[in-house]
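Here's the structure we're looking at; comments come further down.
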Amino acid sequence: MLRVEHLTKVYPNGTVALRDISFEVSDGEFLVVIGLSGSGKSTLLRCINRLIEPTSGKIYWNDIDITNASPSEVRRIRRQIGMIFQQFNLVKRSSVLTNVLSGRLGYANPWLSLLGVWPAEDRQKALRALERVGIADKANQRADTLSGGQQQRVGIARALMQDPRLLLADEPVASLDPVLAHSILQYLEQLNKEGVTIICSLHFLDLVHRYATRVIGLKDGVKVFDGLPTEIDRARFKEIYGEEAQEVRAASL
Amino acid sequence: MDKAEQQPTKIVIALLSLLLPGLGQVLQRDWKRGLSVFLAIATALATVTWYGKRGWYIAVIFLWLWNVWDALKMPRGAPVVLAVLLWLGMAYGIGWQVTQVNPMALFTNTERAQSIIRPMLQPDFFTARKEKHEGWVEVQVPCSATPPRAEKTVEEIHIRVQPDCGNLNETLIVTADGLWPSAPTEITWMTPIGDVKLLGPGNNQMLVVETDNEGRLSAVIQVPGSALAAAPDPTLPLPHRVYLTQTRPIGGMTLSTNGQYVIRGIYETLALALLSTLIGAIMAIPLGFMAARNLMGGHPLLVGVYVVVRTVLNIVRSIESLILAIIFVIIVGLGPFPGMLALAIHTTAALGKLYSEVIEAIDPGPIEAIRATGANNLQVIRYAVIPQIIPPFTALTIYRWDINVRSSTIIGFVGGGGIGFFLYQWILIGDFRAVSASFIAIAAVVMILDFFSAKLRERLV
Ligand SMILES: Nc1ncnc2c1ncn2[C@@H]1O[C@H](COP(=O)(O)OP(=O)(O)OP(=O)(O)O)[C@@H](O)[C@H]1O
Ligand SMILES: [Mg+2]
């Protein structure tokens with residue numbers, strides 16, 4: 001279970017990206033965070049695994065205080081939390097297999113991993129992860145030779161290597177076409193059914209309706225909505241996205 | 001307010017512009033234009049005066065008039081093209097005169113050109129393989145009371161000189177057998193300290209005698225007048241040698257002496273370039289990190305290091321490696337070492353700058369992603385940073401080696417070793433066959449290297 005209490009983030013330049021955010025996520029939820037560009041979605045997700053240092057507030061992961069954890073504890077917590085990104089964030093010049101294996105770094109022997117030596121079981125695990133996302137045949141290609149959809153699947157395979165209990169997905173489909181978007185989200189849905197908690201930021205409401213079990217809406221760093229996807233009606237939508245907003249559907253793109 | 005808006009009258013503007021170019025424009029609040037006009041006319045005036053090319057004052061005068069016209073036509077101004085053309089015309093004209101461009105010289109000196117080009121068409125690289133047949137005998141100069149018998153057999157060549165000794169310019173008779181039959185034989189004199197003297201007419205030509213068909217030979221020689229020139233005590237009888245040498249081609253080609261020097265020079269150049277590139281690259285890595293803005297932010301101390309390293313790199317980089325080489329030749333003496341030092345230092349600065357640009361261009365995404373997996377800092381560097389920088393670092397380093405090979409040929413000219421050193425000597429003594437051999441060798445090496453480095457870099461990027 002993840003508990004966020006009074007989380008605030010102020011960037012050094014004075015931008016208040018998050019303002020007193022509190023919520024809880026139970027195990028097995030598929031929580032979607034929505035909000036306009038700049039509303040603080042990325043900041044929120046990165047505070048959870050401390051890629052960004054929160055300014056104040058607390059985050060508890062299974063009753064461990066993430067915000068107060070020492071660097072080595074942070075690494076131990078991070079390895080249970082997978083993360084995928086809008087820009088995939090693969091190491092472009094490395095092979096697909098190396099990219100996937102790097103998901104295992106939190107568990108691997110530090111010295112052997114620095115030499116690039118991986119135990120056979122990790123390699124098999126990586127190949128299984130690639131098989132699972134349907135691109136086992138690309139294992140030895142350079143990551144940047146893959147299409148966007150394939151790269152995001154490598155990103156998922158990398159996260160799978162962590163045996164994650166929680167998966168953070170920051171706009172995982174914003175760079176993909178609608179068909180690919182569904183296929184990627186279906187992988188996440190499947191993981192979710194296997195018990196992985198998912199926190200995912202999304203832009204398209206039809207995707208939210210289709211995959212979310214719960215939705216949080218952010219506006220200018222403030223939580224303005226917390227409820228079921230079905231509760232987002234026109235009024236709510238305007239509240240989150242502003243008066244002029246028109247609903248855009250991924251399917252209509 | 002009203003006063004500030006008031007514009008000076010046209011006449012005033014024209015007069016002021018005439019007085020000081022650019023003033024009219026400045027008065028009409030176009031600072032930049034005024035300054036540019038002033039600088040253009042000032043530089044033109046200075047150039048013409050400096051080089052004393054009076055005729056070009058006409059360009060300055062026109063520029064000056066243009067400036068008045070421009071001031072009157074503000075804010076749109078006069079056509080800038082005119083001024084630019086005037087200025088450039090003056091600059092090129094003077095440049096043409098001071099560099100003494102004289103295309104006719106290319107044609108009037110054909111005689112000299114031919115004496116250079118003809119030997120260059122026969123590069124001195126290979127020579128026919130030859131076999132040598134050589135014998136010698138010792139002759140005492142000057143004569144003592146009991147000179148040893150001047151007779152000796154070396155490799156079945158039997159030589160006898162009569163009399164057994166001689167004083168300067170005395171005549172000796174050489175007879176020999178056991179030589180190759182019917183073949184030209186060179187007869188030379190060697191003093192005890194190893195000076196070779198020619199025995200042909202005037203003592204400055206080779207004496208060549210043909211053997212008969214049984215390999216016998218007889219010849220009359222004179223003890224060279226300079227045989228005792230370098231002897232410590234000219235009255236002390238010492239053994240001098242008379243050499244008989246035969247050579248004949250045995251088919252095939254081999255490297256000539258100069259060809260061997262070319263190979264040695266090229267090898268030295270490549271090694272010099274490789275070593276200096278390697279040393280430079282190793283030193284450039286830490287400097288590259290220190291000169292990368294994205295790493296050196298935050299703490300004032302880091303920013304200070306960044307500024308210092310960056311400045312030093314820029315200064316050193318701007319010094320030609322040739323100049324560095326001259327300095328090091330003065331410090332450590334001639335040879336490949338000063339050349340290597342110069343190239344290594346120049347390479348350090350150049351690569352340091354390029355490396356820092358690679359580091360600044362690192363994609364932060366993968367770093368974030370690897371950190372998110374729970375990796376420690378070293379693992380982040382190993383898996384997210386190094387894969388991003390190694391290929392461009394390698395490509396830049398290979399490219400630098402390429403450049404260094406070219407530079408080191410030039411650096412040899414100032415005594416920095418390698419092929420350039422030999423080339424310079426050959427140009428000085430006018431051995432244009434050797435010069436052309438080294439040209440060809442340099443061109444071949446540079447082309448081959450160029451090809452492979454391009455291929456390699458293609459694969460890395
Ligand atoms: N490193 C930073 N320094 C200063 N301000 C930042 C930084 N990162 C983000 N911000 C600001 O914080 C606010 C929230 O940014 P964030 O990236 O979390 O928004 P987002 O909802 O993810 O937007 P998007 O949909 O465009 O990704 C924005 O106003 C942004 O400009
Ligand atoms: Mg974002």
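Chain lettering (A, B, ...) mirrors the order of the structure tokens, residue numbering begins at 1 for each chain separately, and ligand numbering begins at 1 in order of display.
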(request) List every residue of stretch 30-233 of chain A that DSSP, applied to the backbone of this structure, places in alpha helix (DSSP H), and write the result as a PyMOL selection string. (result) chain A and resi 41-48+71-78+96-101+110-115+120-132+148-160+178-193+205-211
(message) Give me, as JSON, numbers by chain, the set of residues whose atoms come within 8 Å of any atom of ligand 2, counting only C-alpha atoms and all ligand atoms.
(response) {"A": [37, 38, 40, 41, 42, 43, 170, 171]}
Can you write just those residues out, all heavy atoms, as a CSV table (one decimal), in the first residue's frame?
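Okay, part_6.csv is ready:
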chain,number,residue,atom,x,y,z
A,37,SER,N,-1.0,19.7,-19.0
A,37,SER,CA,0.4,19.8,-19.1
A,37,SER,C,0.9,20.8,-18.1
A,37,SER,O,0.4,21.9,-18.0
A,37,SER,CB,0.8,20.1,-20.5
A,37,SER,OG,2.2,20.0,-20.6
A,38,GLY,N,1.9,20.4,-17.3
A,38,GLY,CA,2.4,21.3,-16.3
A,38,GLY,C,1.6,21.3,-15.0
A,38,GLY,O,1.9,22.0,-14.0
A,40,GLY,N,1.7,18.9,-12.8
A,40,GLY,CA,2.5,18.2,-11.8
A,40,GLY,C,2.5,16.7,-11.8
A,40,GLY,O,3.0,16.1,-10.8
A,41,LYS,N,2.0,16.1,-12.9
A,41,LYS,CA,1.9,14.6,-12.9
A,41,LYS,C,3.3,14.0,-12.8
A,41,LYS,O,3.5,13.1,-12.0
A,41,LYS,CB,1.2,14.2,-14.2
A,41,LYS,CG,-0.2,14.8,-14.4
A,41,LYS,CD,-0.8,14.3,-15.7
A,41,LYS,CE,-0.1,14.7,-16.9
A,41,LYS,NZ,-0.1,16.2,-17.2
A,42,SER,N,4.2,14.4,-13.7
A,42,SER,CA,5.5,13.8,-13.6
A,42,SER,C,6.2,14.0,-12.3
A,42,SER,O,6.8,13.1,-11.8
A,42,SER,CB,6.4,14.4,-14.7
A,42,SER,OG,5.8,14.2,-16.0
A,43,THR,N,6.0,15.2,-11.7
A,43,THR,CA,6.7,15.5,-10.5
A,43,THR,C,6.1,14.6,-9.4
A,43,THR,O,6.9,14.0,-8.6
A,43,THR,CB,6.4,17.0,-10.1
A,43,THR,OG1,6.8,17.8,-11.2
A,43,THR,CG2,7.2,17.4,-8.8
A,170,ASP,N,4.8,7.1,-16.6
A,170,ASP,CA,4.6,8.6,-16.8
A,170,ASP,C,4.3,8.8,-18.3
A,170,ASP,O,5.1,8.8,-19.2
A,170,ASP,CB,5.9,9.3,-16.5
A,170,ASP,CG,5.7,10.8,-16.5
A,170,ASP,OD1,4.5,11.3,-16.7
A,170,ASP,OD2,6.7,11.6,-16.4
A,171,GLU,N,3.0,9.0,-18.6
A,171,GLU,CA,2.5,9.1,-19.9
A,171,GLU,C,3.1,8.1,-20.9
A,171,GLU,O,3.8,8.4,-21.8
A,171,GLU,CB,2.8,10.5,-20.4
A,171,GLU,CG,2.0,11.5,-19.6
A,171,GLU,CD,2.2,13.0,-20.1
A,171,GLU,OE1,2.4,13.1,-21.3
A,171,GLU,OE2,2.1,13.9,-19.3
(message) Show me, as number ranges by chain, the residues of chain B whose atoms get within 12 Å of chain A, using only C-alpha atoms for the distance check.
(response) B: 298, 362-392, 459-461
Could you save those same residues with N, CA, C and O atoms as a short mmCIF file (atom, residue, chain, number, x, y, z; two decimals), in the first residue's frame?
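Ended up saving to selection-v1.cif:
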data_model
loop_
_atom_site.label_atom_id
_atom_site.label_comp_id
_atom_site.auth_asym_id
_atom_site.auth_seq_id
_atom_site.Cartn_x
_atom_site.Cartn_y
_atom_site.Cartn_z
N GLY B 298 25.92 24.24 -9.94
CA GLY B 298 25.66 24.17 -8.51
C GLY B 298 26.70 24.87 -7.67
O GLY B 298 26.67 26.09 -7.51
N ILE B 362 24.70 14.64 -23.35
CA ILE B 362 24.17 13.36 -22.86
C ILE B 362 22.66 13.47 -22.65
O ILE B 362 22.17 14.49 -22.17
N ASP B 363 21.96 12.41 -23.02
CA ASP B 363 20.52 12.35 -22.81
C ASP B 363 20.26 11.97 -21.35
O ASP B 363 20.68 10.91 -20.90
N PRO B 364 19.59 12.85 -20.58
CA PRO B 364 19.39 12.54 -19.16
C PRO B 364 18.35 11.44 -18.94
O PRO B 364 18.29 10.86 -17.86
N GLY B 365 17.54 11.15 -19.97
CA GLY B 365 16.48 10.15 -19.81
C GLY B 365 16.97 8.81 -19.30
O GLY B 365 16.50 8.31 -18.28
N PRO B 366 17.94 8.19 -20.01
CA PRO B 366 18.42 6.89 -19.57
C PRO B 366 19.01 6.93 -18.15
O PRO B 366 18.86 5.96 -17.40
N ILE B 367 19.63 8.05 -17.79
CA ILE B 367 20.21 8.14 -16.45
C ILE B 367 19.09 8.03 -15.42
O ILE B 367 19.18 7.28 -14.45
N GLU B 368 18.01 8.77 -15.67
CA GLU B 368 16.85 8.72 -14.79
C GLU B 368 16.30 7.29 -14.73
O GLU B 368 16.02 6.76 -13.65
N ALA B 369 16.20 6.67 -15.91
CA ALA B 369 15.60 5.33 -15.96
C ALA B 369 16.45 4.32 -15.19
O ALA B 369 15.92 3.47 -14.47
N ILE B 370 17.77 4.40 -15.35
CA ILE B 370 18.63 3.43 -14.66
C ILE B 370 18.61 3.69 -13.15
O ILE B 370 18.56 2.76 -12.35
N ARG B 371 18.59 4.96 -12.77
CA ARG B 371 18.50 5.25 -11.33
C ARG B 371 17.20 4.69 -10.77
O ARG B 371 17.17 4.19 -9.65
N ALA B 372 16.13 4.75 -11.56
CA ALA B 372 14.83 4.28 -11.09
C ALA B 372 14.82 2.78 -10.84
O ALA B 372 13.95 2.27 -10.14
N THR B 373 15.77 2.04 -11.42
CA THR B 373 15.78 0.58 -11.19
C THR B 373 16.43 0.23 -9.86
O THR B 373 16.48 -0.93 -9.50
N GLY B 374 16.97 1.24 -9.14
CA GLY B 374 17.64 0.96 -7.89
C GLY B 374 19.13 0.79 -8.05
O GLY B 374 19.81 0.29 -7.16
N ALA B 375 19.67 1.20 -9.19
CA ALA B 375 21.11 1.08 -9.43
C ALA B 375 21.86 2.11 -8.59
O ALA B 375 21.33 3.18 -8.29
N ASN B 376 23.12 1.76 -8.21
CA ASN B 376 23.92 2.75 -7.49
C ASN B 376 24.62 3.67 -8.49
O ASN B 376 24.53 3.46 -9.70
N ASN B 377 25.36 4.66 -7.97
CA ASN B 377 25.91 5.68 -8.86
C ASN B 377 26.86 5.10 -9.90
O ASN B 377 26.84 5.48 -11.07
N LEU B 378 27.73 4.16 -9.46
CA LEU B 378 28.66 3.55 -10.40
C LEU B 378 27.91 2.80 -11.50
O LEU B 378 28.28 2.85 -12.67
N GLN B 379 26.87 2.10 -11.08
CA GLN B 379 26.08 1.37 -12.08
C GLN B 379 25.41 2.33 -13.05
O GLN B 379 25.31 2.04 -14.25
N VAL B 380 24.97 3.47 -12.54
CA VAL B 380 24.34 4.46 -13.43
C VAL B 380 25.36 4.92 -14.46
O VAL B 380 25.07 5.01 -15.66
N ILE B 381 26.59 5.18 -13.97
CA ILE B 381 27.62 5.64 -14.92
C ILE B 381 27.92 4.55 -15.93
O ILE B 381 27.98 4.79 -17.15
N ARG B 382 28.03 3.31 -15.44
CA ARG B 382 28.40 2.20 -16.33
C ARG B 382 27.30 1.93 -17.37
O ARG B 382 27.59 1.64 -18.53
N TYR B 383 26.04 2.00 -16.94
CA TYR B 383 24.96 1.58 -17.85
C TYR B 383 24.26 2.72 -18.57
O TYR B 383 23.63 2.50 -19.60
N ALA B 384 24.33 3.95 -18.03
CA ALA B 384 23.60 5.04 -18.69
C ALA B 384 24.53 6.10 -19.27
O ALA B 384 24.20 6.71 -20.27
N VAL B 385 25.68 6.32 -18.63
CA VAL B 385 26.56 7.39 -19.12
C VAL B 385 27.57 6.85 -20.12
O VAL B 385 27.67 7.34 -21.25
N ILE B 386 28.31 5.82 -19.72
CA ILE B 386 29.39 5.33 -20.59
C ILE B 386 28.90 4.89 -21.96
O ILE B 386 29.50 5.26 -22.97
N PRO B 387 27.80 4.14 -22.05
CA PRO B 387 27.36 3.77 -23.41
C PRO B 387 27.07 4.98 -24.27
O PRO B 387 27.20 4.94 -25.49
N GLN B 388 26.70 6.08 -23.63
CA GLN B 388 26.40 7.27 -24.42
C GLN B 388 27.65 8.00 -24.87
O GLN B 388 27.63 8.69 -25.89
N ILE B 389 28.74 7.90 -24.08
CA ILE B 389 29.91 8.71 -24.45
C ILE B 389 31.01 7.92 -25.13
O ILE B 389 31.79 8.50 -25.87
N ILE B 390 31.08 6.62 -24.92
CA ILE B 390 32.21 5.87 -25.49
C ILE B 390 32.25 5.94 -27.02
O ILE B 390 33.29 6.26 -27.60
N PRO B 391 31.13 5.67 -27.70
CA PRO B 391 31.23 5.72 -29.17
C PRO B 391 31.65 7.08 -29.71
O PRO B 391 32.58 7.16 -30.50
N PRO B 392 31.02 8.18 -29.25
CA PRO B 392 31.50 9.46 -29.77
C PRO B 392 32.94 9.78 -29.35
O PRO B 392 33.69 10.35 -30.14
N ARG B 459 30.64 3.34 -38.20
CA ARG B 459 30.06 2.27 -37.41
C ARG B 459 29.81 2.69 -35.97
O ARG B 459 28.97 2.10 -35.29
N LEU B 460 30.56 3.69 -35.51
CA LEU B 460 30.45 4.07 -34.11
C LEU B 460 29.29 5.02 -33.86
O LEU B 460 28.67 5.00 -32.81
N VAL B 461 29.02 5.87 -34.84
CA VAL B 461 28.03 6.92 -34.58
C VAL B 461 26.61 6.39 -34.72
O VAL B 461 26.36 5.53 -35.54
#
(message) Report, in Å with one decimal, the straight-line distance from atom CA of B:Phe421 to atom CA of B:Val445.
(response) 16.5 Å
(request) Please identify every polymer residue within 9 Å of ligand 1, using only C-alpha atoms and all ligand atoms, and present the set as a PyMOL selection string. (result) chain A and resi 9-18+34-46+52+86+170-171+201-203+218-221
(message) If we count only C-alpha atoms and set the cut-off at 8 Å, which residues sit around stretch 318-327 of chain B, ignoring sequence neighbours fewer than 4 positions away in its own chain? Please answer as a list in words.
(response) Asn314, Ile331, Pro338, Gly339, Leu341, Ala342, Leu343, His346, Ser407, Ile410, Ile411, Val414, Gly415 and Gly416 of chain B
(request) Tell me which protein, DNA and RNA residues are within 10 Å of B:Phe439, counting only C-alpha atoms, leaving out same-chain ones fewer than 6 positions away, and put them as a list in words. (result)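 The residues that qualify are Met120, Pro123, Val262, Ile419, Gly420, Leu423, Arg433 and Val445 of chain B.
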(request) Just the strand (DSSP E or B) stuff from stretch 6-246 of chain A, please, per backbone DSSP, written as a PyMOL selection string. (result) chain A and resi 6-10+16-25+30-35+56-61+64-65+81-85+95+142+166-170+197-201+214-219+222-227
Based on the selection just made, write C-alpha atoms of those residues as a PDB file, in the first residue's frame.
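Once everything was written out, this is part.pdb:
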ATOM      1  CA  HIS A   6       0.659  16.472   2.438  1.00  0.00           C
ATOM      2  CA  LEU A   7       3.175  16.165  -0.352  1.00  0.00           C
ATOM      3  CA  THR A   8       4.547  19.506  -1.576  1.00  0.00           C
ATOM      4  CA  LYS A   9       7.235  20.150  -4.138  1.00  0.00           C
ATOM      5  CA  VAL A  10       8.730  23.561  -4.771  1.00  0.00           C
ATOM      6  CA  VAL A  16       5.211  25.122  -6.854  1.00  0.00           C
ATOM      7  CA  ALA A  17       4.662  21.879  -8.763  1.00  0.00           C
ATOM      8  CA  LEU A  18       2.722  20.029  -6.035  1.00  0.00           C
ATOM      9  CA  ARG A  19       0.698  21.584  -3.257  1.00  0.00           C
ATOM     10  CA  ASP A  20      -0.314  19.550  -0.228  1.00  0.00           C
ATOM     11  CA  ILE A  21      -1.292  16.364  -2.018  1.00  0.00           C
ATOM     12  CA  SER A  22      -2.633  13.435   0.016  1.00  0.00           C
ATOM     13  CA  PHE A  23      -4.025  10.106  -1.168  1.00  0.00           C
ATOM     14  CA  GLU A  24      -3.735   6.393  -0.690  1.00  0.00           C
ATOM     15  CA  VAL A  25      -3.301   3.617  -3.197  1.00  0.00           C
ATOM     16  CA  PHE A  30      -4.821   0.855 -11.446  1.00  0.00           C
ATOM     17  CA  LEU A  31      -4.618   4.506 -10.537  1.00  0.00           C
ATOM     18  CA  VAL A  32      -4.588   7.027 -13.338  1.00  0.00           C
ATOM     19  CA  VAL A  33      -3.370  10.592 -12.787  1.00  0.00           C
ATOM     20  CA  ILE A  34      -4.817  13.161 -15.163  1.00  0.00           C
ATOM     21  CA  GLY A  35      -4.295  16.847 -15.564  1.00  0.00           C
ATOM     22  CA  SER A  56       7.731  18.476   2.429  1.00  0.00           C
ATOM     23  CA  GLY A  57       5.183  15.783   3.213  1.00  0.00           C
ATOM     24  CA  LYS A  58       5.498  12.053   3.625  1.00  0.00           C
ATOM     25  CA  ILE A  59       5.263   9.029   1.384  1.00  0.00           C
ATOM     26  CA  TYR A  60       4.880   5.603   2.927  1.00  0.00           C
ATOM     27  CA  TRP A  61       5.351   2.431   0.957  1.00  0.00           C
ATOM     28  CA  ILE A  64       8.270   2.341   5.177  1.00  0.00           C
ATOM     29  CA  ASP A  65       8.865   6.092   5.071  1.00  0.00           C
ATOM     30  CA  ILE A  81       9.107   0.005  -8.121  1.00  0.00           C
ATOM     31  CA  GLY A  82       9.271  -0.227 -11.880  1.00  0.00           C
ATOM     32  CA  MET A  83       9.048   2.884 -14.006  1.00  0.00           C
ATOM     33  CA  ILE A  84       8.301   3.501 -17.656  1.00  0.00           C
ATOM     34  CA  PHE A  85       8.528   6.797 -19.467  1.00  0.00           C
ATOM     35  CA  SER A  95      21.423  -3.673 -27.214  1.00  0.00           C
ATOM     36  CA  ARG A 142      20.534  -1.811 -30.876  1.00  0.00           C
ATOM     37  CA  LEU A 166       4.384  -1.061  -8.011  1.00  0.00           C
ATOM     38  CA  LEU A 167       4.719   0.315 -11.528  1.00  0.00           C
ATOM     39  CA  LEU A 168       4.965   4.032 -12.228  1.00  0.00           C
ATOM     40  CA  ALA A 169       4.113   4.940 -15.793  1.00  0.00           C
ATOM     41  CA  ASP A 170       4.606   8.567 -16.834  1.00  0.00           C
ATOM     42  CA  THR A 197      -0.182  -1.837  -8.393  1.00  0.00           C
ATOM     43  CA  ILE A 198      -0.109   0.691 -11.212  1.00  0.00           C
ATOM     44  CA  ILE A 199       0.109   4.459 -11.098  1.00  0.00           C
ATOM     45  CA  CYS A 200      -0.073   5.893 -14.555  1.00  0.00           C
ATOM     46  CA  SER A 201      -0.483   9.389 -15.947  1.00  0.00           C
ATOM     47  CA  ARG A 214      -9.464   4.995  -9.926  1.00  0.00           C
ATOM     48  CA  VAL A 215      -8.562   8.493 -11.081  1.00  0.00           C
ATOM     49  CA  ILE A 216      -6.792  11.434  -9.486  1.00  0.00           C
ATOM     50  CA  GLY A 217      -7.060  14.826 -11.148  1.00  0.00           C
ATOM     51  CA  LEU A 218      -4.377  17.479 -10.710  1.00  0.00           C
ATOM     52  CA  LYS A 219      -4.640  21.136 -11.544  1.00  0.00           C
ATOM     53  CA  VAL A 222      -3.485  20.715  -6.448  1.00  0.00           C
ATOM     54  CA  LYS A 223      -5.559  17.554  -6.262  1.00  0.00           C
ATOM     55  CA  VAL A 224      -8.947  18.536  -7.655  1.00  0.00           C
ATOM     56  CA  PHE A 225     -10.452  15.099  -8.192  1.00  0.00           C
ATOM     57  CA  ASP A 226     -10.196  11.667  -6.601  1.00  0.00           C
ATOM     58  CA  GLY A 227     -12.739   9.059  -7.591  1.00  0.00           C
TER      59      GLY A 227
END
(request) Do a neighbour search on B:Pro147 at 12 Å with only C-alpha atoms, toss out local chain neighbours closer than 3 positions, and write the hits as a ChimeraX atom specification. (result) /B:138-144,150-151,162-167,237-239
(request) For atom CA of A:Arg165 and atom CA of A:His182, quote the distance in Å rounded to one decimal. (result)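 So the two atoms, atom CA of A:Arg165 and atom CA of A:His182, lie 22.2 Å apart.
Interatomic distance, atom CA of A:Glu131 to atom CA of A:Gln150: 12.1 Å.
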(request) Just the residues within 9 Å of B:Asn67, please, counting only C-alpha atoms, with nothing from its chain fewer than 6 positions along; format it as a ChimeraX atom specification. (result) /B:17-18,21-22,24-25,37-38,41,78,83
What would the file look like if the residues just selected were written as a PDB file, in the first residue's frame with C-alpha atoms?
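Final output, again-v9.pdb:
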ATOM      1  CA  SER B  17      28.774  62.974 -40.399  1.00  0.00           C
ATOM      2  CA  LEU B  18      31.357  64.612 -42.540  1.00  0.00           C
ATOM      3  CA  PRO B  21      31.716  59.146 -39.662  1.00  0.00           C
ATOM      4  CA  GLY B  22      28.852  57.497 -37.825  1.00  0.00           C
ATOM      5  CA  GLY B  24      24.997  61.413 -37.867  1.00  0.00           C
ATOM      6  CA  GLN B  25      23.606  57.909 -37.422  1.00  0.00           C
ATOM      7  CA  VAL B  37      29.975  52.887 -40.047  1.00  0.00           C
ATOM      8  CA  PHE B  38      32.657  54.395 -37.871  1.00  0.00           C
ATOM      9  CA  ILE B  41      35.772  53.752 -42.204  1.00  0.00           C
ATOM     10  CA  ALA B  78      21.728  54.179 -47.931  1.00  0.00           C
ATOM     11  CA  ALA B  83      29.617  50.303 -48.625  1.00  0.00           C
TER      12      ALA B  83
END
